[in-house]
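The file work.cif contains mmCIF, C-alpha atoms:
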data_data
#
loop_
_atom_site.label_atom_id
_atom_site.label_comp_id
_atom_site.auth_asym_id
_atom_site.auth_seq_id
_atom_site.Cartn_x
_atom_site.Cartn_y
_atom_site.Cartn_z
CA MET A 141 -105.40 -98.92 -35.62
CA PHE A 142 -103.54 -95.99 -34.06
CA MET A 143 -106.52 -95.18 -31.83
CA CYS A 144 -106.63 -98.77 -30.57
CA PHE A 145 -102.91 -98.65 -29.75
CA VAL A 146 -103.34 -95.41 -27.82
CA LEU A 147 -106.23 -96.87 -25.83
CA LEU A 148 -104.21 -99.98 -24.99
CA ALA A 149 -101.22 -97.85 -23.99
CA ASP A 150 -103.46 -95.77 -21.71
CA MET A 151 -104.91 -98.94 -20.20
CA ASP A 152 -101.45 -100.37 -19.45
CA GLU A 153 -100.36 -97.06 -17.95
CA SER A 154 -103.42 -96.91 -15.70
CA LEU A 155 -102.74 -100.45 -14.48
CA ALA A 156 -99.10 -99.70 -13.80
CA LEU A 157 -99.62 -96.34 -12.08
CA GLN A 158 -101.98 -96.45 -9.11
CA TYR A 159 -102.15 -93.88 -6.35
CA CYS A 160 -102.64 -94.63 -2.66
CA TYR A 161 -105.59 -92.23 -2.73
CA PRO A 162 -107.11 -92.36 -6.24
CA TRP A 163 -108.98 -89.06 -5.86
CA ASN A 164 -105.73 -87.17 -5.11
CA ASN A 165 -103.10 -87.18 -7.87
CA ALA A 166 -100.51 -85.77 -5.48
CA SER A 167 -100.64 -88.81 -3.20
CA CYS A 168 -98.03 -91.54 -3.07
CA ILE A 169 -97.80 -94.13 -5.82
CA LYS A 170 -99.07 -97.53 -4.73
CA THR A 171 -96.77 -100.44 -5.42
CA VAL A 172 -98.60 -103.35 -6.98
CA ARG A 173 -96.92 -106.62 -6.13
CA PRO A 174 -97.36 -109.94 -7.93
CA THR A 175 -99.54 -112.58 -6.30
CA TYR A 176 -96.65 -114.87 -5.38
CA GLU A 177 -95.12 -112.12 -3.22
CA TYR A 178 -98.36 -111.84 -1.27
CA VAL A 179 -98.41 -115.64 -0.81
CA VAL A 180 -94.79 -115.69 0.42
CA MET A 181 -95.41 -112.79 2.83
CA PHE A 182 -98.58 -114.47 4.11
CA PHE A 183 -96.67 -117.72 4.72
CA ILE A 184 -93.79 -115.98 6.51
CA PHE A 185 -96.11 -113.92 8.74
CA SER A 186 -98.21 -117.00 9.50
CA VAL A 187 -95.13 -118.97 10.58
CA ILE A 188 -93.95 -116.07 12.76
CA SER A 189 -97.39 -115.77 14.38
CA ALA A 190 -97.69 -119.50 15.04
CA THR A 191 -94.17 -119.62 16.49
CA THR A 192 -94.99 -116.71 18.80
CA VAL A 193 -98.13 -118.44 20.07
CA VAL A 194 -96.30 -121.73 20.70
CA VAL A 195 -93.40 -120.08 22.54
CA ASN A 196 -95.75 -118.01 24.70
CA LEU A 197 -97.69 -121.16 25.54
CA LEU A 198 -94.45 -122.87 26.58
CA VAL A 199 -93.64 -119.92 28.87
CA VAL A 200 -97.07 -120.14 30.50
CA ILE A 201 -96.78 -123.90 30.98
CA ALA A 202 -93.24 -123.70 32.39
CA ILE A 203 -94.07 -120.96 34.90
CA ALA A 204 -97.32 -122.61 35.94
CA HIS A 205 -95.74 -126.05 36.36
CA PHE A 206 -92.53 -125.31 38.26
CA ARG A 207 -92.96 -123.83 41.76
CA GLN A 208 -89.46 -122.28 41.82
CA LEU A 209 -90.46 -120.10 38.83
CA HIS A 210 -93.22 -118.38 40.84
CA THR A 211 -91.23 -115.20 41.42
CA PRO A 212 -92.51 -111.65 40.86
CA THR A 213 -90.29 -111.27 37.80
CA ASN A 214 -91.52 -114.48 36.21
CA LEU A 215 -95.13 -113.56 37.02
CA LEU A 216 -94.57 -110.32 35.09
CA ILE A 217 -93.17 -112.34 32.17
CA LEU A 218 -96.20 -114.64 32.47
CA SER A 219 -98.60 -111.72 32.27
CA LEU A 220 -96.78 -110.39 29.19
CA SER A 221 -96.94 -113.75 27.44
CA VAL A 222 -100.69 -114.14 27.89
#
When written as structure tokens, how does the structure in this file appear?
Amino acid sequence: MFMCFVLLADMDESLALQYCYPWNNASCIKTVRPTYEYVVMFFIFSVISATTVVVNLLVVIAIAHFRQLHTPTNLLILSLSV
């Protein structure tokens, strides 16, 4: 019974303590996040990426459509948004 408890305690400790580089015990300790945090971060980064693409597309369309926006400065902004 005691041996089983020690093995379970070692197993929980090994799950809780993970290193960034497993072969080097002096490396940083890896933080293990729950799955819902990964889902929330994925959703937030996806929304930010999609918003960036849409806004850059609007810049390209606006500069390409309006002739008065064809200035050297706006062409630089256009090249950065592509």
Please identify all polymer residues lying at most 8 Å from the point (-98.7, -93.7, -2.4) (file coordinates), using all atoms listed in the file, and present the result as a VMD selection string. chain A and resid 158 to 161 167 to 171
For CA of Met181 in chain A and CA of Val199 in chain A, the interatomic separation in Å (one decimal):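 Computing the Euclidean distance for CA of Met181 in chain A and CA of Val199 in chain A yields 27.1 Å.
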Please compute the CA of Ala202 in chain A-CA of Leu218 in chain A distance, one decimal, in Å. 9.5 Å
Looking at all atoms listed in the file, which of A:Leu215, A:Tyr178, A:Val222, A:His210 is the one that sits closest to Leu198 in chain A?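 When distances to Leu198 in chain A are compared using all atoms listed in the file, the smallest one comes from A:Val222.
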Could you state the separation of CA of Phe185 in chain A and CA of Ser221 in chain A in Å, given to one decimal place? 18.7 Å
